[in-house]
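Participant: Please read through the structure below; I'll follow up with questions.
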Amino acid sequence: MEKKEVSMAELFFDLVFVYVLSTINQTVQHISQSLVSFESLGKNLVLFLVFYSIWVYHTLLINRFFEQKWYQYVFLFTDMFLILCLSKAINSNFQETFIPFASITGCIYVSLMVQYFLNHMLIRHRLSNRLIRVYLVGLGLTIIFFILGLVLPKNINFWFFLIGIIIAVSSPGVCWKASKQNPVFFSHLTERLSLFMIILFGEGIVQIVPTIKLSNFNVLDVVYFVLIVSMFIIYSFHYKGSLDQEKTDDSGLITIYIHLFIIYATNMVFLIMHKCI
């Protein structure tokens with residue numbers, strides 16, 4: 001399998017997602033006066049899964065199909081704008097902005113669905129029809145549950161939206177055998193994930209800056225800085241030592257789902273740090 005490098009457009013795209021994670025933290029940290037409440041944890045997780053599922057579908061799409069064609073860039077930047085709009089609908093009170101949030105999320109999934117179908121039809125590719133059907137069905141079911149959530153009463157609409165998100169997150173892993181038979185460009189996937197983590201760690205460092213006061217030194221600033229640097233070093237060793245980037249027959253799903261927990265846990269650490277500051 002030929003090697004595929006991460007493009008500048010992908011890095012540009014990932015900057016938006018790291019910004020969104022920061023926005024989620026800023027939103028949910030005001031839910032409770034306690035350090036971390038079950039409500040803030042739950043809402044943080046739901047919002048995180050929404051954006052992470054979008055990122056996963058987009059990353060797998062680019063990994064397998066991106067050939068720097070003009071229409072691919074149009075979709076990429078359109079999705080980026082929609083994600084920025086979606087970030088403005090993030091609210092600690094879900095029902096207050098539920099309609100715009102669910103609507104924009106649905107539009108992004110429709111865009112992804114169209115892109116998978118369009119790229120599969122226009123680009124001669126080794127991917128099987130079975131794998132494409134898995135993605136299209138997963139995205140289609142997600143969109144259906146979003147639509148139901150938009151038309152149902154307030155007391156149950158969120159649960160249909162949540163079911164849609166769970167379907168979206170789990171769909172890539174449902175057809176494991178088909179994914180295994182259609183491996184990703186693993187070096188590209190691991191590089192993309194590692195660069196995302198670097199941007200995330202950078203965002204964590206930036207969050208410390210407003211709290212530093214030269215006239216009133218706080219030892220916690222040093223502690224937080226050392227903590228983030230330590231996490232970065234640990235991840236660097238994990239990336240270099242645990243990930244075989246030369247794999248040519250990997251579906252990438254295990255790596256993706258492991259990073260779901262890594263990114264969420266890292267983001268939660270930043271949330272707690274920001275709450276303490």
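Numbering starts fresh at 1 for the residues of each chain in the structure tokens, the chains themselves are lettered A, B, ... in the order given, and ligands are numbered from 1 as they appear.
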Hey, what's within 12 Å of range 214-225 of chain A if we count only C-alpha atoms and toss same-chain stuff fewer than 2 positions away? As a list of chain:residue names, please?

Facilitator: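 My reading of the contact set: A:Phe201, A:Gly202, A:Glu203, A:Gly204, A:Ile205, A:Val206, A:Gln207, A:Ile208, A:Val209, A:Pro210, A:Thr211, A:Ile212, A:Leu227, A:Ile228, A:Val229, A:Ser230, A:Met231, A:Phe232, A:Val269, A:Phe270, A:Leu271, A:Ile272, A:Met273, A:His274, A:Cys276, A:Ile277.
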
Participant: Generate the output file for the selected residues, C-alpha atoms, as a PDB file, in the first residue's frame.

Facilitator:
ATOM      1  CA  PHE A 201      -2.060  19.602  24.185  1.00  0.00           C
ATOM      2  CA  GLY A 202      -1.213  23.017  22.775  1.00  0.00           C
ATOM      3  CA  GLU A 203      -4.729  24.198  23.562  1.00  0.00           C
ATOM      4  CA  GLY A 204      -4.264  22.917  27.111  1.00  0.00           C
ATOM      5  CA  ILE A 205      -1.085  24.961  27.469  1.00  0.00           C
ATOM      6  CA  VAL A 206      -2.799  28.067  26.110  1.00  0.00           C
ATOM      7  CA  GLN A 207      -5.536  27.745  28.756  1.00  0.00           C
ATOM      8  CA  ILE A 208      -2.919  28.303  31.463  1.00  0.00           C
ATOM      9  CA  VAL A 209      -1.709  31.628  30.069  1.00  0.00           C
ATOM     10  CA  PRO A 210      -4.621  33.838  31.295  1.00  0.00           C
ATOM     11  CA  THR A 211      -4.106  32.600  34.861  1.00  0.00           C
ATOM     12  CA  ILE A 212      -0.412  33.457  35.074  1.00  0.00           C
ATOM     13  CA  LEU A 227       1.086  17.849  34.042  1.00  0.00           C
ATOM     14  CA  ILE A 228       0.336  18.754  30.424  1.00  0.00           C
ATOM     15  CA  VAL A 229       3.963  18.339  29.379  1.00  0.00           C
ATOM     16  CA  SER A 230       4.054  14.949  31.115  1.00  0.00           C
ATOM     17  CA  MET A 231       0.900  13.850  29.288  1.00  0.00           C
ATOM     18  CA  PHE A 232       2.453  14.988  26.029  1.00  0.00           C
ATOM     19  CA  VAL A 269      -8.314  16.769  32.587  1.00  0.00           C
ATOM     20  CA  PHE A 270      -8.305  20.182  30.920  1.00  0.00           C
ATOM     21  CA  LEU A 271     -11.905  20.747  32.035  1.00  0.00           C
ATOM     22  CA  ILE A 272     -11.028  19.975  35.663  1.00  0.00           C
ATOM     23  CA  MET A 273      -7.909  22.132  35.468  1.00  0.00           C
ATOM     24  CA  HIS A 274      -9.871  25.038  34.054  1.00  0.00           C
ATOM     25  CA  CYS A 276      -9.805  24.787  39.450  1.00  0.00           C
ATOM     26  CA  ILE A 277      -8.147  27.869  38.019  1.00  0.00           C
TER      27      ILE A 277
END

Participant: If we count only C-alpha atoms and set the cut-off at 10 Å, which residues sit around range 256-265 of chain A, ignoring sequence neighbours fewer than 3 positions away in its own chain? Please answer as a ChimeraX atom specification.

Facilitator: /A:21,44-45,48-49,52-53,56,59-60,169-170,172-173,189-190,193-194,196-197,200-201,235,251-253,268-271

Participant: Next, the residues of the selection above should be written as an mmCIF file, in the first residue's frame with N, CA and C atoms.

Facilitator:
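Result file part-v2.cif:
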data_model
loop_
_atom_site.group_PDB
_atom_site.id
_atom_site.type_symbol
_atom_site.label_atom_id
_atom_site.label_comp_id
_atom_site.auth_asym_id
_atom_site.auth_seq_id
_atom_site.Cartn_x
_atom_site.Cartn_y
_atom_site.Cartn_z
ATOM 1 N N LEU A 21 -13.738 21.571 21.169
ATOM 2 C CA LEU A 21 -13.564 20.902 22.461
ATOM 3 C C LEU A 21 -13.374 21.925 23.575
ATOM 4 N N ASN A 44 -20.991 16.872 28.720
ATOM 5 C CA ASN A 44 -19.690 16.937 28.063
ATOM 6 C C ASN A 44 -19.485 15.723 27.162
ATOM 7 N N LEU A 45 -19.870 14.539 27.658
ATOM 8 C CA LEU A 45 -19.700 13.308 26.885
ATOM 9 C C LEU A 45 -20.561 13.319 25.626
ATOM 10 N N PHE A 48 -19.164 15.767 23.178
ATOM 11 C CA PHE A 48 -17.906 15.224 22.665
ATOM 12 C C PHE A 48 -18.168 14.156 21.602
ATOM 13 N N LEU A 49 -19.117 13.254 21.873
ATOM 14 C CA LEU A 49 -19.415 12.175 20.931
ATOM 15 C C LEU A 49 -19.955 12.715 19.610
ATOM 16 N N TYR A 52 -16.812 14.079 17.874
ATOM 17 C CA TYR A 52 -15.836 13.031 17.584
ATOM 18 C C TYR A 52 -16.344 12.118 16.473
ATOM 19 N N SER A 53 -17.640 11.818 16.478
ATOM 20 C CA SER A 53 -18.191 10.964 15.416
ATOM 21 C C SER A 53 -18.058 11.644 14.059
ATOM 22 N N VAL A 56 -14.420 11.336 13.054
ATOM 23 C CA VAL A 56 -14.054 9.973 12.636
ATOM 24 C C VAL A 56 -14.517 9.700 11.212
ATOM 25 N N THR A 59 -12.393 11.736 8.879
ATOM 26 C CA THR A 59 -11.017 11.252 8.794
ATOM 27 C C THR A 59 -10.928 9.982 7.957
ATOM 28 N N LEU A 60 -11.857 9.052 8.164
ATOM 29 C CA LEU A 60 -11.866 7.823 7.372
ATOM 30 C C LEU A 60 -12.164 8.120 5.899
ATOM 31 N N VAL A 169 -21.546 6.752 16.242
ATOM 32 C CA VAL A 169 -20.253 6.419 16.845
ATOM 33 C C VAL A 169 -19.918 4.944 16.657
ATOM 34 N N SER A 170 -20.922 4.086 16.761
ATOM 35 C CA SER A 170 -20.677 2.643 16.735
ATOM 36 C C SER A 170 -20.684 2.036 15.334
ATOM 37 N N PRO A 172 -19.063 2.519 12.423
ATOM 38 C CA PRO A 172 -17.818 2.076 11.781
ATOM 39 C C PRO A 172 -17.286 0.758 12.327
ATOM 40 N N GLY A 173 -17.588 0.456 13.589
ATOM 41 C CA GLY A 173 -17.083 -0.775 14.182
ATOM 42 C C GLY A 173 -18.012 -1.962 14.042
ATOM 43 N N LEU A 189 -3.428 7.596 9.215
ATOM 44 C CA LEU A 189 -4.365 7.677 10.333
ATOM 45 C C LEU A 189 -3.649 7.994 11.639
ATOM 46 N N THR A 190 -2.546 7.302 11.906
ATOM 47 C CA THR A 190 -1.823 7.537 13.159
ATOM 48 C C THR A 190 -1.187 8.924 13.180
ATOM 49 N N LEU A 193 -4.008 11.385 13.929
ATOM 50 C CA LEU A 193 -4.385 11.337 15.344
ATOM 51 C C LEU A 193 -3.325 11.992 16.222
ATOM 52 N N SER A 194 -2.064 11.738 15.918
ATOM 53 C CA SER A 194 -0.989 12.314 16.734
ATOM 54 C C SER A 194 -0.938 13.831 16.597
ATOM 55 N N PHE A 196 -3.480 15.706 15.875
ATOM 56 C CA PHE A 196 -4.659 16.190 16.606
ATOM 57 C C PHE A 196 -4.335 16.303 18.094
ATOM 58 N N MET A 197 -3.654 15.288 18.630
ATOM 59 C CA MET A 197 -3.294 15.300 20.047
ATOM 60 C C MET A 197 -2.331 16.443 20.359
ATOM 61 N N LEU A 200 -4.267 19.500 20.593
ATOM 62 C CA LEU A 200 -5.051 19.474 21.837
ATOM 63 C C LEU A 200 -4.179 19.822 23.041
ATOM 64 N N PHE A 201 -2.975 19.267 23.095
ATOM 65 C CA PHE A 201 -2.060 19.602 24.185
ATOM 66 C C PHE A 201 -1.686 21.086 24.130
ATOM 67 N N TYR A 235 2.263 10.421 25.762
ATOM 68 C CA TYR A 235 1.621 10.113 24.478
ATOM 69 C C TYR A 235 2.663 9.952 23.373
ATOM 70 N N SER A 251 -7.651 -2.130 9.951
ATOM 71 C CA SER A 251 -8.870 -1.343 9.731
ATOM 72 C C SER A 251 -8.791 0.024 10.397
ATOM 73 N N GLY A 252 -7.906 0.149 11.389
ATOM 74 C CA GLY A 252 -7.749 1.412 12.103
ATOM 75 C C GLY A 252 -8.778 1.641 13.188
ATOM 76 N N LEU A 253 -9.745 0.727 13.315
ATOM 77 C CA LEU A 253 -10.853 0.948 14.250
ATOM 78 C C LEU A 253 -10.405 0.898 15.707
ATOM 79 N N MET A 268 -11.062 15.977 29.549
ATOM 80 C CA MET A 268 -11.637 16.064 30.886
ATOM 81 C C MET A 268 -10.623 16.607 31.888
ATOM 82 N N VAL A 269 -9.367 16.222 31.726
ATOM 83 C CA VAL A 269 -8.314 16.769 32.587
ATOM 84 C C VAL A 269 -8.249 18.284 32.423
ATOM 85 N N PHE A 270 -8.334 18.740 31.175
ATOM 86 C CA PHE A 270 -8.305 20.182 30.920
ATOM 87 C C PHE A 270 -9.534 20.868 31.517
ATOM 88 N N LEU A 271 -10.681 20.188 31.449
ATOM 89 C CA LEU A 271 -11.905 20.747 32.035
ATOM 90 C C LEU A 271 -11.745 20.932 33.543
#

Participant: Pick from A:Arg130, A:Arg64, A:Lys43, A:Lys69: nearest to Ser92 in chain A, with only C-alpha atoms counted?

Facilitator: A:Lys43

Participant: Determine the nearest neighbour of Ile198 in chain A from the options A:Val114, A:Ile165, A:Leu15, A:Leu131, counting only C-alpha atoms.

Facilitator: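 Looking at the shortest contact to Ile198 in chain A, the residue is A:Leu15.
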
Participant: Which residue is closest to Tyr57 in chain A? Choose from A:Ala168, A:Leu122, A:Leu86, A:Leu41 and count only C-alpha atoms.

Facilitator: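 Nearest candidate to Tyr57 in chain A out of A:Ala168, A:Leu122, A:Leu86, A:Leu41: A:Ala168.
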